[in-house]
Every structure is written in structure tokens, then in C-alpha cells.
Amino acid sequence: MRRFLFAVAMTVSCFSYTLAQGTAADYERAKGLREKYEAAAIDIAGAATWIGTTHRFWYRKLSRGANEYFIYDADTLKKQPAFNHAMIAASLSKLTNNTYKASDLSLTQLRFDNNLISFTASIDGTVVRCTIADSACTKVDGPTPGTPPGNRPQQPVKSPDGKWEASINNYNVIVKAADSREPIVLSTDGSEGNYYSVRAIFWSPDSTKIAVYRLRPGYRREVRYVESSPEDQIQPKFSSIVYAKPGDVLDLEQPVLFDVATRKQMNVDNALFPNPYELTDPVWRKDSSSFMFEYNQRGHQVYRVIEVNANGQARAVISDEPKTFFSYRPANGSLADSGRRYRYNVNDGKEIIWMSERDGWGHLYLYDGTSGALKNQITRGEWVVRGVQRVDEAKRQIWFCAGGTHAGKDPYFLSYFRVNFDGTGLTELTTADANHNGSYSTDGELFVDNYSRLDVAPVLEVRKTSDNSVVATVERGDASGLVKAGWQAPEVFTAKGRDGKTDIWGVIVRPANFDAAKRYPVIENIYAGPQGSFVPKSFLTYSSMMAQAEIGFIVVQIDGMGTANRSKAFHDVAWKNLGDAGFPDRILWHKAVAAKYGWYDISRVGIYGGSAGGQNSLGGLLFHPEFYKAAVSYAGCHDNRMDKIWWNEQWMGWPIGPQYSASSNVDNAHRLQGELLLVVGEMDTNVDPSSTMQVVSKLIKANKNFDLLVVPGANHAAARGDRYAAYGAHKQYDFFVRHLLGVTPPLWNSAPAASSTQSAR
């Protein structure tokens, strides 16, 4: 009897405990969190962008719920609204048949002309041009679709001296004298199956020679779609896109050189570039003695700078041949960027600045462009160059940003530096202990910087590059109102990774009504793509993780091994092993948090993510079911053989091998334990929707229970960032409430639709 009463008491205790979380009131708080926090934020400025060659820049600022665009003149130290927000919103609403608010215009690719007469921008996929004086906006037409490759109509390319015009006709190269209509045929070996490419014709500066690529087409794979529920008709619609996948036969480009005066064709020996994934556009030396291009070999383990002289002879000026992969994406210094490709030709290529990870860290090197000999390593140390912003040839100085330069500090924080070509004079230009996002005026005289941390509101300031003095503090964010509204900065947490010595960095997001006396289930927001690092480092007024936490969870995000912006060894964990996803580091991190905080319940851990994160979240259940109990997977690239070629061959290698199957959620679907919700948009043009459906097929064959949401008409956002975002958010909330809190979610079908949703922005 006493045992029975004890069991009843425990049941009542647990029941009263769970009632406190996952309720309709929790959902309502989560739903209103973004609006509440944005209304409390004051002077939260974004990054600044210089306007043309002027000393003016524009930026966007959030203050008391309104997002506005401003222009600042660094010469006069005056700030003004960039345009009439109300009139521009009205003009755009009329132009696009959408409704836009003056206080929340989401303009991308925004560019002002030097004189501030007009600007161009993209809004919801529509490119517009607006004149500032009268707030009149018009659509900007994009490029018209072309005819099949190799024989598209093309405007002739004039020679630098204006005496010749070159073009492609019937798959071959022809030239005409500017005052003649008679063509001179330079090639006769072009055909449908091996044609001269119309993408570009490259004249030598002295107008005597032409470099052009001849292209043998590869396999044109198509992914086909049926849009089940189009809004403009009753019947479904069929469409397709060209979409290369790992292992596909690619277009083969090879350079060919023509001497116009002698009509001589020189087919360049391709021994140094036999199997290109990509050849960059040729760039001629100013004296017309040669041209250069970059060669990325299929499999991304050989990357070369090739020079071809005027006689058609090729040599490798620089060759990077890592044992794993060369990160060939351009290095631009963005917060998530992992690019390690940067080249700058000094004095017409007599010297070359080159970025490489050959010493185990991303650094800059100076080469002799004539001999190909390494002159010196410019930067060195256990830190990473993240991007080069300026090269001053006259002063022989480089201006760049880097991460990990301060021992004991967050290695992902970006700081800005100047260094001499010979590696001397390394000078840090940003001093605040924060994450910096800066840029230089065209003339290099001024530097505008936006810096912040998760717990420090943004500061926007202008400095002189000559002495690094502050010209003006343009904006200083104020988070005091946010704190009063219940906002809490995510907690930065570090723990040792699988090797016992490397710090793994992550953040912890608590609900606003956090109670340390409770035990909270944990949800991990995962994206382990090797192309970048993803844990936020700058100030966040609001994050969708905050809304998820508000339902009654602790939400975390972690950058495990295999992601970028650390050492080469840290990054190489992903090589041919995307299924790893840093899980050994992530699980140790979770356990370290639990060891410190009693409220962190690692017996109830969920995980969610989209795209590569969708692959990762399902992978958590398949490969680590002892730790992860429930997963939501959006638009996952569940088998790397099914996804886009550039992303997957970069990390999983070429040719296709058994490593693809080892990391495949499809081939490992039979391992499923725990609870799973799969979400896919039927019109996903980023990741083939069939990747998700193949998982579904294998789960059914293995007799596994799971949930599936197919979103009609949705693209890659798959109900997280498109018109179905609110629906996708509450489905995710419901899933974790049910499986981690053990509570039945609110009954949405009996409530007004508007009250059941929460934006996932």
C-alpha cells in the first residue's frame, strides 16, 4: 500500500512538473518574442557598406521596433535617412503587389550611386531601381534566357585597339576587321560536341592574340519536379532543372591561343591541368607576353596557378597539393566563410600574393611571379587569415582580417590587421575584445567597423587608417531595454574536444523565465557544414533559438571538428567523413555543460537542422542513438551522392567511393532509434527532394516509425523560412514538446489559426 501511494505521488509530481512547460502560454510567449525584443532594442546597427568611391556609407539600424536605412558622410560627420521609407515602401508595394512596411524593408544587394540619386536592390527576389528624390521604383530586367550552349547569339568582343571584333560562329572562333563585314575564320575544329565557349573571349592587351576556352560538354543531369498545388491553376505543374551531382561527367574546358595576324592556332598542352573541375578566366599580362588562369583539379586536391606564354607553352607558377582538400572558395572574410583561395598579382604578376594552408593554418605567402619561387611567408602562427581587403603595392602592405590571433580569446572573433609584404610590421587595427565586421573606403583612407559580442551591443565607428584614430562613433547600441524585457544573452561555453586538448566553442540559450531549480531537456541546433563555422559571435536581438527555448527547453549550438575557420587539422576531420559531423566533440561538450549545471538534462536531448543540418540531425539518431533521442530534419542532403556536386565532392572526395555509403542516412536508415520528423519541400531546387524520400523508403522497408511533412510548393526553406515558416515552426515545437517534455501540445485545430503559429525567422 505504501509502495502504491509512493507511485501515485511520483506520478502526480511528474504531472505537475510537466504542466509548467509546453503550454499554450509558452507558445504565445514564443510567438511574441521577436516583436517584444525588437521593440525594446535601441540603436542596433548592422555592418556598413561604402558608397562607390565616396567617403559615405550606408547601414541598417534597428531601434524600437523599426528597421531603417541611414547614410553617413565621414567627411562632414553627418547622418541622414537613406530615403523616405514610407514612400519607398508604398512604391514597392504598388510595383510588386505585395505589402511592405516602412519600418521593416528587407532590401538585399543594396547599392547607391555615388551622387545618391538612386539605388538598386532586391526585395523578395525582385530587382528594383528607385530614385531617391521622388521615391519612384521600377523593376530591373534580368538576363534573357539563352539558346543551347555553344551557339548562342553573342555581341562581338572588340579588341583593345578597336580594330578587330571576335565572336563565336557555328561553334568556332572568327574575327572581323572593325571596318569590314568579311569574317576571318580562326578555328575549324569546333562542333556541337567540342565547341568554343561563348562565356568569354580574352584579347591580349596589344590586340594581337586571343585566348578562348574550347569546351567538351559533360552530362546534363536533370532533376524533375511536380508542383502539386500551384496557386494559379488547378492542375499540377511539371518542371526540371539542370543539376550536376557527384560522379557526373563534367564539361571539359581547355584553353586555346590564336595569333590573329598569322591565323595560327595553338592548342595548349594540358599536362599540368588534365582534369579540371574549374578553370578561372584567363588574365593577360599587360605586356601581352602571357596569360594566367587557376586550375582546380577534380577532387580538389590539386590547385595551380598556370601561366601560358604567347607561344602556347604552359607552366605551373604555384601548385598547392594538400593530402586532403584545397578549400577553393574565395576568401572574403565573412563570418561563416571558410574560403582559402586568394591571389593578388603584384606589378602585373612579377610577384604574387597567395593564400595557403600548407603549414597547417590559413596564411599568406609571397611568390616570385617570374620564377615561381617562394620569396617569403607573409603571415604565420596558430591563427587563420580569413580574408584580404586591400593590397597597397606602393607601400607594399596588405590589409586583412583574421581569427584566433589572441590566445585564450574566442578563436572565431574577426580582427583586422596590416602587414608588410616581407612579413614585418604586423599591426592590429581593431582593439575591442569583440567580433569585428569592417571595410575600407575605396581610397583606403578610412575604415568603418561594426563590432559586438553576444553580450555587448554593436558599436559602429569610423577610423583613419593612417594612425588608427577614431573619426566618429556613429552608433552605440543600447541593450538596457532588452534586459528589462527579459532578454538574456546566450552563454558562451567551451569544453575540450575528442583529442582532450582542443577547445570546442558553443552557446547556451535559456528561456526568459528560466528557473535553475528545474531540469530542462536540451535541443541542439546543428549545422556541421565544412564550408564554414556557424555558432553566432555577434550581438543577437532575437534568434529563433530563443523562441524554441521559450517553450520550455535549453537550446544550444556548437561548432565541432570538421567545421572551418580553425586549423587545417581541425577542418580535415570532415574529409571523406561528413557522417562524423563533429559528434564526438559535441557529445563531450554536452556532458561538460551537464557536469557544471544541474538543470541541464542530457537524458533528454533533441536535435534539429536543415540542409546539411538536416543530414546532421538525422545522423545524430542513426549514429549516436545512445545520446540523441529525437530529431527534426529539414530538407536534408541525406546521401551525398544525391546532392550538388561542388559541395559534396569538395568534402567527400572524387571519384565516388565507399565513404559515400558510410556517411549516408539512406544506407544507414535501418539504424534508426528514437523519434524522427522529416520535413521536405516538394520544389526544393537546392537539395533534391528525392534525397528525403529515399530515406522514407528505407525507413518503411525497415518497419521504422517516423513522422513526415511534405510541404507543397516549398523550396529549400521547407517550411522554415518561406510562406510556410509559421507552420513549420509550430510543428517543430510540437514534436519536441511531445517527445522531450512528454506533454501533449496545444490542440491547434480547435484554436484560431493565427494564434497557433510562430515565425521561424
# chains A, B, ... in the order shown; residues from 1 in each chain; ligands from 1

$ residues_around --residues "segment 246-262 of chain A" --least-positions-apart "2" --cutoff "7 Å" --atoms "only C-alpha atoms" --output "list in words"
Thr208, Lys209, Ile210, Ala211, Val212, Tyr213, Arg214, Leu215, Arg216, Pro217, Gly218, Tyr219, Ala244, Lys264, Gln265, Met266, Asn267, Val268, Pro276, Gly312, Arg641, Lys644, Ile645, Asn648, Glu649, Pro655 and Ile656 of chain A

$ residues_around --residues "Ala592 of chain A" --least-positions-apart "2" --cutoff "12 Å" --atoms "only C-alpha atoms" --output "ChimeraX atom specification"
/A:493-497,503-506,585-590,594-598,600-602

$ select_by_dssp --residues "segment 371-457 of chain A" --states "strand (DSSP E)" --output "ChimeraX atom specification"
/A:374-377,384-392,397-403,414-420,427-428,435-440,446-453,456-457

$ residues_around --residues "Phe112 of chain A" --least-positions-apart "2" --cutoff "9 Å" --atoms "only C-alpha atoms" --output "list of chain:residue names"
A:Ile51, A:Gly52, A:Trp58, A:Leu110, A:Asn114, A:Asn115, A:Leu116, A:Ile117, A:Ser118, A:Phe119, A:Thr120, A:Ala121

$ closest_residue --among "A:Tyr37, A:Tyr608, A:Phe736, A:Tyr527" --to "Ile551 of chain A" --atoms "only C-alpha atoms"
A:Phe736

$ atom_distance --atom1 "atom CA of Arg263 of chain A" --atom2 "atom CA of Leu186 of chain A"
5.8 Å

$ atom_distance --atom1 "atom CA of Asp433 of chain A" --atom2 "atom CA of Ala489 of chain A"
16.3 Å

$ closest_residue --among "A:Val384, A:Val483, A:Cys130, A:Ile234" --to "Ala564 of chain A" --atoms "only C-alpha atoms"
A:Val384

$ closest_residue --among "A:Ala30, A:Val535, A:Ile44, A:Leu540" --to "Gln557 of chain A" --atoms "only C-alpha atoms"
A:Val535

$ residues_around --residues "Trp575 of chain A" --least-positions-apart "5" --cutoff "12 Å" --atoms "only C-alpha atoms" --output "PDB file with N, CA and C atoms, in the first residue's frame"
ATOM      1  N   GLY A 299      38.275  16.665 -57.680  1.00  0.00           N
ATOM      2  CA  GLY A 299      38.632  16.076 -56.408  1.00  0.00           C
ATOM      3  C   GLY A 299      39.216  17.075 -55.436  1.00  0.00           C
ATOM      4  N   HIS A 300      39.609  18.275 -55.953  1.00  0.00           N
ATOM      5  CA  HIS A 300      40.022  19.411 -55.114  1.00  0.00           C
ATOM      6  C   HIS A 300      41.257  19.128 -54.270  1.00  0.00           C
ATOM      7  N   GLN A 301      42.170  18.313 -54.808  1.00  0.00           N
ATOM      8  CA  GLN A 301      43.420  18.044 -54.105  1.00  0.00           C
ATOM      9  C   GLN A 301      44.640  18.597 -54.835  1.00  0.00           C
ATOM     10  N   PRO A 322      47.444  19.565 -51.284  1.00  0.00           N
ATOM     11  CA  PRO A 322      47.241  19.008 -49.939  1.00  0.00           C
ATOM     12  C   PRO A 322      46.867  17.533 -49.998  1.00  0.00           C
ATOM     13  N   LYS A 323      47.076  16.846 -48.877  1.00  0.00           N
ATOM     14  CA  LYS A 323      46.740  15.430 -48.812  1.00  0.00           C
ATOM     15  C   LYS A 323      45.232  15.219 -48.738  1.00  0.00           C
ATOM     16  N   THR A 324      44.517  16.222 -48.256  1.00  0.00           N
ATOM     17  CA  THR A 324      43.056  16.097 -48.165  1.00  0.00           C
ATOM     18  C   THR A 324      42.411  16.988 -49.227  1.00  0.00           C
ATOM     19  N   PHE A 325      41.963  18.180 -48.860  1.00  0.00           N
ATOM     20  CA  PHE A 325      41.271  19.037 -49.814  1.00  0.00           C
ATOM     21  C   PHE A 325      41.845  20.446 -49.785  1.00  0.00           C
ATOM     22  N   PHE A 326      41.732  21.123 -50.918  1.00  0.00           N
ATOM     23  CA  PHE A 326      42.050  22.544 -51.004  1.00  0.00           C
ATOM     24  C   PHE A 326      40.731  23.306 -50.972  1.00  0.00           C
ATOM     25  N   SER A 327      40.578  24.206 -50.002  1.00  0.00           N
ATOM     26  CA  SER A 327      39.334  24.984 -49.898  1.00  0.00           C
ATOM     27  C   SER A 327      39.353  26.065 -50.960  1.00  0.00           C
ATOM     28  N   GLY A 529      28.174  21.874 -41.670  1.00  0.00           N
ATOM     29  CA  GLY A 529      28.771  22.009 -42.990  1.00  0.00           C
ATOM     30  C   GLY A 529      30.223  22.449 -42.917  1.00  0.00           C
ATOM     31  N   PRO A 530      31.136  21.755 -43.609  1.00  0.00           N
ATOM     32  CA  PRO A 530      32.558  22.113 -43.533  1.00  0.00           C
ATOM     33  C   PRO A 530      32.906  23.427 -44.226  1.00  0.00           C
ATOM     34  N   GLN A 531      31.944  24.048 -44.904  1.00  0.00           N
ATOM     35  CA  GLN A 531      32.258  25.294 -45.606  1.00  0.00           C
ATOM     36  C   GLN A 531      32.385  26.493 -44.681  1.00  0.00           C
ATOM     37  N   MET A 561      34.575  19.652 -34.514  1.00  0.00           N
ATOM     38  CA  MET A 561      35.620  19.420 -35.502  1.00  0.00           C
ATOM     39  C   MET A 561      34.999  19.045 -36.841  1.00  0.00           C
ATOM     40  N   GLY A 562      35.684  19.448 -37.911  1.00  0.00           N
ATOM     41  CA  GLY A 562      35.162  19.245 -39.256  1.00  0.00           C
ATOM     42  C   GLY A 562      34.592  20.510 -39.843  1.00  0.00           C
ATOM     43  N   THR A 563      34.222  21.470 -38.986  1.00  0.00           N
ATOM     44  CA  THR A 563      33.825  22.782 -39.492  1.00  0.00           C
ATOM     45  C   THR A 563      35.080  23.620 -39.699  1.00  0.00           C
ATOM     46  N   ALA A 564      34.914  24.813 -40.239  1.00  0.00           N
ATOM     47  CA  ALA A 564      36.048  25.589 -40.728  1.00  0.00           C
ATOM     48  C   ALA A 564      36.455  26.694 -39.766  1.00  0.00           C
ATOM     49  N   LYS A 568      43.944  23.542 -40.104  1.00  0.00           N
ATOM     50  CA  LYS A 568      43.694  22.585 -41.169  1.00  0.00           C
ATOM     51  C   LYS A 568      43.339  21.216 -40.589  1.00  0.00           C
ATOM     52  N   ALA A 569      44.020  20.830 -39.497  1.00  0.00           N
ATOM     53  CA  ALA A 569      43.732  19.535 -38.872  1.00  0.00           C
ATOM     54  C   ALA A 569      42.315  19.492 -38.322  1.00  0.00           C
ATOM     55  N   PHE A 570      41.874  20.574 -37.724  1.00  0.00           N
ATOM     56  CA  PHE A 570      40.504  20.673 -37.204  1.00  0.00           C
ATOM     57  C   PHE A 570      39.513  20.475 -38.346  1.00  0.00           C
ATOM     58  N   ASP A 580      30.564  12.082 -39.699  1.00  0.00           N
ATOM     59  CA  ASP A 580      31.124  12.376 -38.381  1.00  0.00           C
ATOM     60  C   ASP A 580      30.452  13.588 -37.763  1.00  0.00           C
ATOM     61  N   ALA A 581      30.335  14.676 -38.563  1.00  0.00           N
ATOM     62  CA  ALA A 581      29.614  15.890 -38.160  1.00  0.00           C
ATOM     63  C   ALA A 581      30.062  16.458 -36.817  1.00  0.00           C
ATOM     64  N   GLY A 582      31.263  16.105 -36.380  1.00  0.00           N
ATOM     65  CA  GLY A 582      31.746  16.611 -35.102  1.00  0.00           C
ATOM     66  C   GLY A 582      31.046  16.030 -33.893  1.00  0.00           C
ATOM     67  N   ASN A 648      29.669  18.493 -52.284  1.00  0.00           N
ATOM     68  CA  ASN A 648      29.895  17.136 -51.801  1.00  0.00           C
ATOM     69  C   ASN A 648      31.222  16.547 -52.264  1.00  0.00           C
ATOM     70  N   GLU A 649      31.617  16.797 -53.502  1.00  0.00           N
ATOM     71  CA  GLU A 649      32.935  16.318 -53.923  1.00  0.00           C
ATOM     72  C   GLU A 649      34.050  17.071 -53.196  1.00  0.00           C
ATOM     73  N   GLN A 650      33.797  18.329 -52.815  1.00  0.00           N
ATOM     74  CA  GLN A 650      34.794  19.091 -52.076  1.00  0.00           C
ATOM     75  C   GLN A 650      35.197  18.383 -50.783  1.00  0.00           C
ATOM     76  N   TRP A 651      34.217  17.833 -50.075  1.00  0.00           N
ATOM     77  CA  TRP A 651      34.494  17.255 -48.760  1.00  0.00           C
ATOM     78  C   TRP A 651      34.548  15.729 -48.767  1.00  0.00           C
ATOM     79  N   MET A 652      33.760  15.099 -49.661  1.00  0.00           N
ATOM     80  CA  MET A 652      33.708  13.634 -49.670  1.00  0.00           C
ATOM     81  C   MET A 652      34.644  13.017 -50.700  1.00  0.00           C
ATOM     82  N   GLY A 653      35.218  13.852 -51.566  1.00  0.00           N
ATOM     83  CA  GLY A 653      36.220  13.370 -52.498  1.00  0.00           C
ATOM     84  C   GLY A 653      35.653  12.822 -53.789  1.00  0.00           C
ATOM     85  N   TRP A 654      36.548  12.648 -54.755  1.00  0.00           N
ATOM     86  CA  TRP A 654      36.255  12.072 -56.074  1.00  0.00           C
ATOM     87  C   TRP A 654      37.427  11.190 -56.465  1.00  0.00           C
ATOM     88  N   GLN A 659      33.144   5.649 -48.980  1.00  0.00           N
ATOM     89  CA  GLN A 659      32.923   6.647 -47.930  1.00  0.00           C
ATOM     90  C   GLN A 659      31.553   7.312 -48.072  1.00  0.00           C
ATOM     91  N   TYR A 660      31.038   7.368 -49.295  1.00  0.00           N
ATOM     92  CA  TYR A 660      29.723   7.981 -49.508  1.00  0.00           C
ATOM     93  C   TYR A 660      28.628   7.155 -48.841  1.00  0.00           C
ATOM     94  N   SER A 663      28.628   7.415 -44.874  1.00  0.00           N
ATOM     95  CA  SER A 663      28.035   8.624 -44.292  1.00  0.00           C
ATOM     96  C   SER A 663      26.576   8.813 -44.673  1.00  0.00           C
TER      97      SER A 663
END

$ residues_around --residues "Asn97 of chain A" --least-positions-apart "6" --cutoff "12 Å" --atoms "only C-alpha atoms" --output "list of chain:residue names"
A:Ala89, A:Ala90, A:Ser91, A:Asp124, A:Thr126

$ closest_residue --among "A:Glu321, A:Asp368, A:Glu294, A:Glu357" --to "Val385 of chain A" --atoms "only C-alpha atoms"
A:Glu357

$ closest_residue --among "A:Ser567, A:Asn525, A:Asn420, A:Gln548" --to "Arg34 of chain A" --atoms "only C-alpha atoms"
A:Gln548

$ closest_residue --among "A:Lys36, A:Arg380, A:Arg738, A:His406" --to "Arg64 of chain A" --atoms "only C-alpha atoms"
A:Lys36

$ atom_distance --atom1 "atom CA of Tyr628 of chain A" --atom2 "atom CA of Val605 of chain A"
5.2 Å

$ residues_around --residues "Ser691 of chain A" --least-positions-apart "6" --cutoff "12 Å" --atoms "only C-alpha atoms" --output "JSON, numbers by chain"
{"A": [223, 611, 612, 614, 615, 633, 634, 635, 636, 637, 638, 639, 640, 641, 642, 643, 644, 664, 665, 666, 667, 678, 679, 680, 681, 682, 684, 685, 697, 698]}
